[in-house]
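This is entry_14.txt. It holds compact mmCIF, C-alpha atoms.
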# COMPACT_ATOMS: atom_id res chain seq x y z
CA MET A 213 15.69 -16.59 -5.51
CA ASN A 214 18.05 -19.52 -5.68
CA GLU A 215 15.35 -22.17 -5.76
CA THR A 216 13.82 -23.10 -9.05
CA ALA A 217 10.10 -22.89 -9.57
CA THR A 218 9.83 -26.67 -9.07
CA THR A 219 11.90 -26.96 -5.87
CA ALA A 220 10.98 -23.74 -4.04
CA PRO A 221 8.54 -24.17 -1.16
CA LEU A 222 4.85 -23.61 -1.75
CA VAL A 223 3.89 -20.62 0.41
CA LEU A 224 0.38 -19.49 1.30
CA GLY A 225 0.03 -15.84 2.34
CA ILE A 226 -2.79 -14.24 4.35
CA GLU A 227 -3.47 -10.48 4.33
CA THR A 228 -6.06 -8.83 6.61
CA SER A 229 -4.63 -5.40 7.42
CA CYS A 230 -7.75 -3.46 6.44
CA ASP A 231 -10.99 -4.35 4.64
CA GLU A 232 -9.83 -7.01 2.20
CA THR A 233 -9.29 -10.67 3.02
CA GLY A 234 -6.46 -11.69 0.71
CA VAL A 235 -5.01 -15.16 0.26
CA GLY A 236 -2.20 -15.81 -2.20
CA ILE A 237 -0.13 -18.84 -3.08
CA VAL A 238 3.34 -18.68 -4.64
CA ARG A 239 6.16 -21.06 -5.42
CA GLY A 240 9.39 -19.09 -5.41
CA SER A 241 8.52 -16.00 -7.45
CA GLN A 242 5.81 -17.80 -9.43
CA LEU A 243 2.32 -16.53 -8.63
CA LEU A 244 -0.19 -19.38 -8.50
CA ALA A 245 -3.20 -17.76 -6.83
CA ASN A 246 -4.35 -14.32 -5.73
CA THR A 247 -7.82 -14.45 -4.21
CA VAL A 248 -9.41 -11.44 -2.51
CA ALA A 249 -12.71 -11.06 -0.66
CA SER A 250 -13.52 -7.40 -0.06
CA SER A 251 -15.91 -6.01 2.56
CA MET A 252 -15.88 -2.57 0.88
CA ASP A 253 -19.62 -2.61 0.20
CA GLU A 254 -20.32 -3.10 3.91
CA HIS A 255 -18.40 0.09 4.73
CA ALA A 256 -19.84 2.23 1.93
CA ARG A 257 -22.78 3.60 3.89
CA PHE A 258 -20.41 4.84 6.57
CA GLY A 259 -18.13 6.58 4.07
CA GLY A 260 -15.04 4.76 5.34
CA VAL A 261 -13.74 1.56 6.87
CA VAL A 262 -15.30 0.57 10.22
CA PRO A 263 -12.71 -1.60 12.03
CA GLU A 264 -15.24 -3.82 13.80
CA ILE A 265 -17.08 -4.56 10.56
CA ALA A 266 -13.78 -5.30 8.82
CA ALA A 267 -12.73 -7.78 11.51
CA ARG A 268 -16.07 -9.61 11.38
CA ALA A 269 -15.91 -9.77 7.58
CA HIS A 270 -12.42 -11.32 7.77
CA LEU A 271 -13.74 -14.01 10.12
CA GLU A 272 -16.54 -14.87 7.73
CA ALA A 273 -14.40 -14.77 4.58
CA MET A 274 -11.25 -16.51 5.80
CA GLN A 275 -12.06 -20.17 5.21
CA PRO A 276 -13.79 -19.79 1.82
CA THR A 277 -11.03 -17.48 0.58
CA ILE A 278 -8.31 -19.95 1.58
CA LEU A 279 -10.14 -22.78 -0.17
CA ALA A 280 -10.75 -20.64 -3.25
CA ALA A 281 -7.04 -19.81 -3.47
CA CYS A 282 -6.16 -23.50 -3.28
CA ASP A 283 -8.62 -24.23 -6.08
CA GLU A 284 -7.15 -21.41 -8.18
CA ALA A 285 -3.62 -22.72 -7.65
CA GLY A 286 -4.61 -26.33 -8.25
CA VAL A 287 -3.22 -27.49 -4.89
CA THR A 288 -4.55 -28.80 -1.60
CA LEU A 289 -3.75 -27.53 1.88
CA ALA A 290 -1.65 -30.65 2.38
CA ASP A 291 0.69 -29.36 -0.37
CA ILE A 292 1.48 -26.11 1.50
CA ASP A 293 5.08 -25.92 2.78
CA ALA A 294 4.87 -22.64 4.74
CA VAL A 295 2.39 -19.92 5.75
CA ALA A 296 3.04 -16.18 5.78
CA VAL A 297 0.74 -13.58 7.31
CA THR A 298 0.58 -9.82 7.65
CA ALA A 299 1.53 -9.04 11.26
CA GLY A 300 1.33 -5.26 10.77
CA PRO A 301 0.92 -2.42 10.27
CA GLY A 302 -2.84 -2.11 9.94
CA LEU A 303 -6.08 -2.20 11.90
CA ALA A 304 -5.45 -4.12 15.12
CA GLY A 305 -8.65 -6.16 15.10
CA ALA A 306 -8.36 -7.04 11.43
CA LEU A 307 -4.72 -8.07 11.86
CA MET A 308 -5.59 -10.32 14.80
CA VAL A 309 -8.05 -12.28 12.68
CA GLY A 310 -5.41 -12.98 10.05
CA VAL A 311 -2.65 -13.80 12.53
CA GLY A 312 -4.95 -16.15 14.46
CA ALA A 313 -6.06 -17.92 11.28
CA ALA A 314 -2.47 -18.26 10.05
CA LYS A 315 -1.28 -19.70 13.36
CA GLY A 316 -4.09 -22.24 13.38
CA LEU A 317 -3.48 -23.21 9.76
CA ALA A 318 0.29 -23.53 10.17
CA ALA A 319 -0.10 -25.60 13.35
CA SER A 320 -2.65 -27.91 11.78
CA LEU A 321 -0.43 -28.48 8.73
CA GLY A 322 2.79 -28.75 10.75
CA VAL A 323 4.52 -26.10 8.61
CA PRO A 324 6.55 -22.99 9.54
CA LEU A 325 4.86 -19.61 9.94
CA TYR A 326 6.31 -16.21 8.99
CA GLY A 327 4.79 -12.97 10.26
CA VAL A 328 5.73 -10.27 7.76
CA ASN A 329 5.43 -6.53 7.23
CA HIS A 330 2.51 -5.27 5.14
CA LEU A 331 4.40 -2.29 3.68
CA VAL A 332 7.42 -4.36 2.66
CA GLY A 333 4.96 -6.81 1.12
CA HIS A 334 3.83 -4.12 -1.31
CA VAL A 335 7.42 -3.86 -2.55
CA ALA A 336 7.77 -7.65 -2.72
CA ALA A 337 4.80 -7.75 -5.10
CA ASP A 338 7.12 -6.49 -7.83
CA ALA A 339 9.14 -9.70 -7.57
CA LEU A 340 6.24 -11.99 -8.42
CA ASP A 341 6.50 -13.63 -11.83
CA ALA A 342 9.89 -11.97 -12.32
CA ALA A 343 13.40 -13.39 -12.14
CA SER A 344 14.25 -10.99 -9.32
CA ILE A 345 13.27 -7.59 -7.97
CA GLU A 346 15.43 -4.69 -9.07
CA LEU A 347 17.07 -3.03 -6.07
CA PRO A 348 17.75 -0.53 -4.69
CA THR A 349 14.50 1.31 -5.21
CA VAL A 350 12.50 4.11 -3.69
CA ALA A 351 8.98 2.87 -3.00
CA LEU A 352 5.96 5.17 -2.82
CA LEU A 353 3.12 3.31 -1.10
CA VAL A 354 -0.24 5.06 -1.19
CA SER A 355 -3.55 3.76 0.12
CA GLY A 356 -6.45 4.66 2.35
CA GLY A 357 -4.49 3.76 5.45
CA HIS A 358 -0.93 4.82 4.73
CA THR A 359 1.22 7.06 2.59
CA SER A 360 4.87 6.07 2.93
CA LEU A 361 8.18 6.63 1.20
CA LEU A 362 10.71 3.82 1.60
CA HIS A 363 14.30 3.37 0.48
CA VAL A 364 14.71 -0.34 -0.14
CA ARG A 365 18.22 -1.71 -0.56
CA ASP A 366 17.37 -5.26 0.53
CA LEU A 367 13.80 -6.46 1.03
CA THR A 368 14.40 -8.49 4.16
CA GLU A 369 17.47 -6.74 5.60
CA ASP A 370 17.64 -3.07 4.65
CA VAL A 371 14.42 -1.06 4.36
CA GLU A 372 14.49 2.56 5.49
CA LEU A 373 11.41 4.67 6.15
CA LEU A 374 12.13 8.06 4.58
CA GLY A 375 8.78 9.64 5.36
CA GLU A 376 5.10 9.02 5.95
CA THR A 377 1.82 10.82 6.46
CA ILE A 378 1.51 12.87 9.64
CA ASP A 379 -2.29 13.09 9.42
CA ASP A 380 -4.65 11.90 6.67
CA ALA A 381 -3.31 9.35 4.23
CA ALA A 382 -3.85 10.17 0.56
CA GLY A 383 -6.58 7.58 0.13
CA GLU A 384 -8.34 8.86 3.23
CA ALA A 385 -8.25 12.38 1.81
CA PHE A 386 -9.83 11.11 -1.41
CA ASP A 387 -12.64 9.50 0.61
CA LYS A 388 -13.30 12.64 2.67
CA VAL A 389 -13.26 15.02 -0.30
CA ALA A 390 -15.52 12.68 -2.26
CA ARG A 391 -18.02 12.73 0.61
CA LEU A 392 -17.78 16.54 0.71
CA LEU A 393 -18.59 16.68 -3.02
CA GLY A 394 -21.47 14.22 -2.72
CA LEU A 395 -19.61 11.44 -4.52
CA ALA A 396 -19.64 7.73 -3.75
CA TYR A 397 -17.31 5.70 -1.55
CA PRO A 398 -14.55 4.74 -2.15
CA GLY A 399 -13.48 8.25 -3.06
CA GLY A 400 -10.52 7.51 -5.33
CA PRO A 401 -12.45 5.96 -8.24
CA ALA A 402 -15.33 8.44 -7.77
CA ILE A 403 -13.04 11.48 -7.97
CA ASP A 404 -11.19 9.90 -10.90
CA ARG A 405 -14.48 9.66 -12.80
CA ALA A 406 -15.61 13.15 -11.84
CA ALA A 407 -12.27 14.66 -12.88
CA VAL A 408 -12.31 13.34 -16.44
CA GLU A 409 -13.76 16.53 -17.93
CA GLY A 410 -12.20 18.86 -15.36
CA ASP A 411 -9.31 21.30 -15.56
CA PRO A 412 -6.53 20.29 -13.14
CA ASP A 413 -5.24 23.87 -13.14
CA ALA A 414 -8.61 25.51 -12.48
CA ILE A 415 -8.03 25.88 -8.72
CA ARG A 416 -4.63 26.07 -7.06
CA PHE A 417 -5.10 24.01 -3.91
CA PRO A 418 -2.20 23.88 -1.43
CA ARG A 419 0.62 21.31 -1.61
CA GLY A 420 1.14 20.22 1.99
CA LEU A 421 4.65 20.23 3.53
CA THR A 422 6.33 21.35 0.31
CA LEU A 423 7.37 24.88 1.32
CA PRO A 424 11.09 25.47 2.08
CA LYS A 425 10.37 25.94 5.80
CA TYR A 426 9.28 22.29 6.05
CA ARG A 427 12.26 20.86 4.18
CA GLU A 428 14.50 20.13 7.15
CA LYS A 429 11.96 18.41 9.40
CA HIS A 430 9.36 17.06 6.94
CA ARG A 431 11.19 16.74 3.63
CA PHE A 432 9.71 13.31 2.88
CA ASP A 433 6.60 13.43 5.07
CA PHE A 434 3.06 13.95 3.80
CA SER A 435 0.08 15.97 5.04
CA PHE A 436 -3.28 15.99 3.28
CA SER A 437 -5.48 17.31 6.07
CA GLY A 438 -4.89 20.93 5.08
CA LEU A 439 -5.67 20.16 1.46
CA LYS A 440 -8.95 18.53 2.46
CA THR A 441 -9.85 21.58 4.56
CA SER A 442 -8.90 23.93 1.72
CA VAL A 443 -11.30 22.14 -0.63
CA ALA A 444 -14.06 22.36 1.97
CA ARG A 445 -13.53 26.10 2.52
CA TRP A 446 -13.44 26.77 -1.25
CA VAL A 447 -16.73 24.93 -1.77
CA GLU A 448 -18.31 26.79 1.18
CA ARG A 449 -17.29 30.18 -0.24
CA GLU A 450 -18.69 29.35 -3.65
CA GLN A 451 -21.97 28.15 -2.17
CA ALA A 452 -22.23 31.24 0.04
CA ALA A 453 -21.80 33.40 -3.06
CA GLY A 454 -24.61 31.51 -4.77
CA ARG A 455 -22.37 30.06 -7.46
CA GLU A 456 -22.70 26.54 -8.84
CA ILE A 457 -19.85 24.23 -7.83
CA PRO A 458 -17.82 23.13 -10.89
CA LEU A 459 -17.56 19.53 -9.71
CA ALA A 460 -15.23 18.33 -12.46
CA ASP A 461 -12.79 21.21 -11.92
CA VAL A 462 -12.76 20.78 -8.14
CA ALA A 463 -12.17 17.03 -8.46
CA ALA A 464 -9.43 17.46 -11.07
CA SER A 465 -7.69 20.25 -9.12
CA PHE A 466 -7.80 18.30 -5.85
CA ARG A 467 -6.47 15.18 -7.54
CA GLU A 468 -3.71 17.19 -9.19
CA ALA A 469 -2.59 18.59 -5.82
CA VAL A 470 -2.35 15.08 -4.34
CA VAL A 471 -0.49 13.70 -7.34
CA ASP A 472 1.90 16.66 -7.41
CA VAL A 473 2.84 16.24 -3.74
CA LEU A 474 3.27 12.47 -4.01
CA LEU A 475 5.53 12.57 -7.04
CA THR A 476 7.49 15.67 -6.05
CA LYS A 477 8.50 14.05 -2.79
CA ALA A 478 9.09 10.64 -4.36
CA LEU A 479 11.40 12.01 -7.06
CA ASP A 480 13.16 14.17 -4.47
CA ALA A 481 13.76 10.96 -2.51
CA CYS A 482 15.23 9.33 -5.62
CA GLU A 483 17.57 12.29 -6.05
CA HIS A 484 18.48 12.39 -2.34
CA THR A 485 19.33 8.67 -2.19
CA GLY A 486 20.94 8.47 -5.63
CA THR A 487 18.37 5.85 -6.63
CA ARG A 488 17.19 5.88 -10.23
CA ARG A 489 14.20 3.62 -9.71
CA LEU A 490 10.74 4.35 -8.28
CA LEU A 491 8.18 1.68 -7.38
CA LEU A 492 4.51 2.56 -6.86
CA GLY A 493 2.25 0.44 -4.65
CA GLY A 494 -1.04 0.64 -2.77
CA GLY A 495 -4.63 1.05 -3.87
CA VAL A 496 -4.32 4.71 -4.86
CA VAL A 497 -1.99 3.60 -7.66
CA ALA A 498 -5.19 2.67 -9.50
CA ASN A 499 -5.67 6.43 -9.97
CA ALA A 500 -5.28 7.10 -13.68
CA ARG A 501 -3.80 10.59 -13.27
CA LEU A 502 -1.18 9.38 -10.79
CA ARG A 503 0.06 6.73 -13.22
CA GLU A 504 0.00 9.15 -16.15
CA VAL A 505 1.94 11.92 -14.40
CA ALA A 506 4.34 9.42 -12.80
CA ALA A 507 5.28 8.03 -16.19
CA LYS A 508 5.99 11.50 -17.60
CA ARG A 509 7.85 12.90 -14.62
CA CYS A 510 9.96 9.78 -14.16
CA ALA A 511 10.89 9.78 -17.84
CA ASP A 512 11.85 13.46 -17.63
CA ALA A 513 13.99 12.77 -14.54
CA GLY A 514 15.67 9.67 -15.95
CA VAL A 515 14.10 7.46 -13.26
CA GLU A 516 12.84 3.96 -14.04
CA LEU A 517 9.18 3.59 -13.01
CA ARG A 518 7.95 0.25 -11.71
CA ILE A 519 4.24 -0.43 -11.19
CA PRO A 520 3.15 -4.01 -10.41
CA PRO A 521 -0.11 -5.20 -11.99
CA LEU A 522 -3.01 -3.37 -10.36
CA ALA A 523 -4.28 -6.59 -8.74
CA LEU A 524 -0.96 -6.70 -6.87
CA CYS A 525 -0.97 -3.01 -5.94
CA THR A 526 -4.05 -3.19 -3.75
CA ASP A 527 -3.90 -5.22 -0.52
CA ASN A 528 -3.55 -8.90 -1.37
CA GLY A 529 -2.27 -12.17 0.00
CA ALA A 530 0.01 -12.84 -2.95
CA MET A 531 2.44 -10.09 -1.93
CA ILE A 532 2.51 -11.52 1.61
CA ALA A 533 3.21 -15.01 0.28
CA GLY A 534 5.89 -13.50 -1.95
CA LEU A 535 7.62 -11.78 0.96
CA GLY A 536 7.42 -14.99 2.97
CA SER A 537 9.00 -16.85 0.08
CA LEU A 538 11.81 -14.28 -0.11
CA ALA A 539 12.39 -14.64 3.63
CA ILE A 540 12.69 -18.42 3.30
CA ALA A 541 15.09 -18.06 0.38
CA ALA A 542 17.19 -15.63 2.44
CA GLY A 543 17.47 -18.21 5.22
CA TYR A 544 15.21 -16.67 7.84
CA GLU A 545 13.91 -18.80 10.66
CA PRO A 546 10.15 -18.90 11.20
CA SER A 547 8.62 -16.28 13.48
CA PRO A 548 8.25 -17.29 17.14
CA ALA A 549 4.96 -18.97 17.99
CA ASP A 550 3.97 -16.20 20.39
CA PHE A 551 4.24 -13.25 17.99
CA GLY A 552 1.17 -11.05 17.83
CA ALA A 553 -0.45 -8.49 15.57
CA ASP A 554 1.32 -5.13 15.67
CA SER A 555 -0.70 -2.25 14.24
CA THR A 556 2.42 -0.02 14.14
CA LEU A 557 4.99 -2.60 13.04
CA ASP A 558 8.27 -0.89 12.10
CA VAL A 559 9.06 -1.12 8.40
CA ARG A 560 12.62 -2.13 9.29
CA GLN A 561 11.23 -5.43 10.55
CA ALA A 562 10.30 -7.23 7.37
CA VAL A 563 10.00 -10.60 9.13
CA VAL A 564 8.59 -10.42 12.64
CA GLN A 565 11.08 -11.30 15.40
CA ALA A 566 12.95 -13.49 12.96
CA SER A 567 16.53 -14.38 13.69
CA HIS A 568 18.98 -12.54 11.49
CA ASP A 569 21.20 -15.60 11.64
CA ARG A 570 20.76 -17.66 8.52
CA MET A 571 19.56 -21.23 8.92
CA GLU A 572 21.88 -24.02 7.94
CA ALA A 573 21.53 -24.93 4.30
Show me this structure written as structure tokens.
Amino acid sequence: MNETATTAPLVLGIETSCDETGVGIVRGSQLLANTVASSMDEHARFGGVVPEIAARAHLEAMQPTILAACDEAGVTLADIDAVAVTAGPGLAGALMVGVGAAKGLAASLGVPLYGVNHLVGHVAADALDAASIELPTVALLVSGGHTSLLHVRDLTEDVELLGETIDDAAGEAFDKVARLLGLAYPGGPAIDRAAVEGDPDAIRFPRGLTLPKYREKHRFDFSFSGLKTSVARWVEREQAAGREIPLADVAASFREAVVDVLLTKALDACEHTGTRRLLLGGGVVANARLREVAAKRCADAGVELRIPPLALCTDNGAMIAGLGSLAIAAGYEPSPADFGADSTLDVRQAVVQASHDRMEA
């Protein structure tokens, strides 16, 4: 950014795309607050996120989370210069709560409002507390709701969707396999723990959409539904034969299949685009094996690996504030007052309905 940390606008970001109410405050690229209220425990007994419960939890958490972020940053709402909010993609009801709150807050403070893209926000997280984000980059974003490969040449102007999941997202597959194995929700951490003593090569589970016949149409797309089904059928066969299920081996082998697909496609994207940098984002990045294998495979391929702090990998308001701050620095006008939540917002639209004409300096 061109502004210094003392002259850049103070931006408050609101994130409600799924089950976490995130509020962040930044000044330029300086992170001042990152406060998150999660409703995960309320979804645990259902084995996955229930959209109606998530939306209600956002309503209840919004005001205290905003005030907590202000306390953390040592500012008051009167100090805020702009508001940014996730406009999509995500759960429609959850997004509407955040957009409505952001519109009300911006109007009451008399400050501009920027509706921004959740996926691009994950990439923007890498710019926080750094002089600038290193571009171009391939970004692999992996969570319970999305698995996406992006080619980012400019955060606000040039983001290309290379591929995405065509069925279950990786995080969703972790949740479903964990439930199948009798493990707790959320599935990612539970499978990570179960896999510690397991052999990742014990069972060769399928790697979805990696065969040559899929290369032309689905080279950078992901599919984990078949993998989930394969695990289920394997467990059923073992149980039918009266054999004890080797939980650690199943967990480790399943996790290895997911990690292998994610990184094979991501590094192929780096090679295809001529980009020697890979950024990981999303909650599944907390997976220990994914980070371990990513570091090795990137080093072997001569690709720089970027992983923001884990608190900035999961859904959070700081990344939304950061993207809003980047949009302001790039000269974007605020989003129109009538913009709405868009659960399928195109990744090419980093700033919702914003004019691509730069504002006068």
(request) Check the smallest atom-to-atom distance from each of A:Ala266, A:Ala339, A:Leu524, A:Ala463 to Gln242 in chain A using only C-alpha atoms, then report the winner. (result) A:Ala339
(request) Take the point (12.9, -12.8, 0.2) in the file's coordinates, draw a sphere of radius 12 Å around it, and report as a VMD selection string every protein, DNA or RNA residue with an atom inside or on it, counting all atoms listed in the file. (result) chain A and resid 213 to 215 220 223 240 to 241 296 326 328 332 to 333 335 to 340 344 to 345 366 to 370 531 to 544 562 to 563
(message) Taking 3 positions as the minimum chain separation for residues in the same chain, which residues sit within 12 Å of Pro398 in chain A when counting only C-alpha atoms? Answer as a PyMOL selection string.
(response) chain A and resi 231+251-261+355-356+383-391+394-395+401-405+495-496+499
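Of the listed residues (A:Val354, A:Ile457, A:Lys429, A:His484), A:Val354 comes nearest to Val497 in chain A; the distances count only C-alpha atoms.
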(message) Counting only C-alpha atoms, which residue out of A:Leu289, A:Leu474, A:Leu490, A:Ala464 sits closest to Glu376 in chain A?
(response)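 The closest residue to Glu376 in chain A is A:Leu474.
CA of Ala406 in chain A to CA of Ser250 in chain A spans 23.8 Å [interatomic distance, one decimal].
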(message) Can you measure CA of Val323 in chain A to CA of Thr288 in chain A for me? One decimal in Å is fine.
(response) 13.9 Å
(request) Find, counting all atoms listed in the file, the residue in A:Ile265, A:Ala523, A:Ala549, A:Ala304 that gets nearest to Leu243 in chain A. (result) A:Ala523
(message) Considering all atoms listed in the file, can you say which of A:Glu456, A:Asp433, A:Glu545, A:Asp527 comes closest to Ala382 in chain A?
(response) A:Asp433
Within 8 Å of Asp461 in chain A, counting only C-alpha atoms, which residues show up once you throw out same-chain ones fewer than 4 positions away? Write them as a short mmCIF file (atom, residue, chain, number, x, y, z; two decimals) with C-alpha atoms, in the coordinates of the input, please.
data_model
loop_
_atom_site.label_atom_id
_atom_site.label_comp_id
_atom_site.auth_asym_id
_atom_site.auth_seq_id
_atom_site.Cartn_x
_atom_site.Cartn_y
_atom_site.Cartn_z
CA ALA A 407 -12.27 14.66 -12.88
CA GLU A 409 -13.76 16.53 -17.93
CA GLY A 410 -12.20 18.86 -15.36
CA ASP A 411 -9.31 21.30 -15.56
CA PRO A 412 -6.53 20.29 -13.14
CA ALA A 414 -8.61 25.51 -12.48
CA ILE A 415 -8.03 25.88 -8.72
CA SER A 465 -7.69 20.25 -9.12
#
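Of the residues under consideration (A:Val350, A:Ala511, A:Leu459, A:Leu439), A:Val350 shows the shortest atom-to-atom contact distance to Glu483 in chain A when counting all atoms listed in the file.
The space between CA of Glu227 in chain A and CA of Pro324 in chain A spans 16.9 Å.
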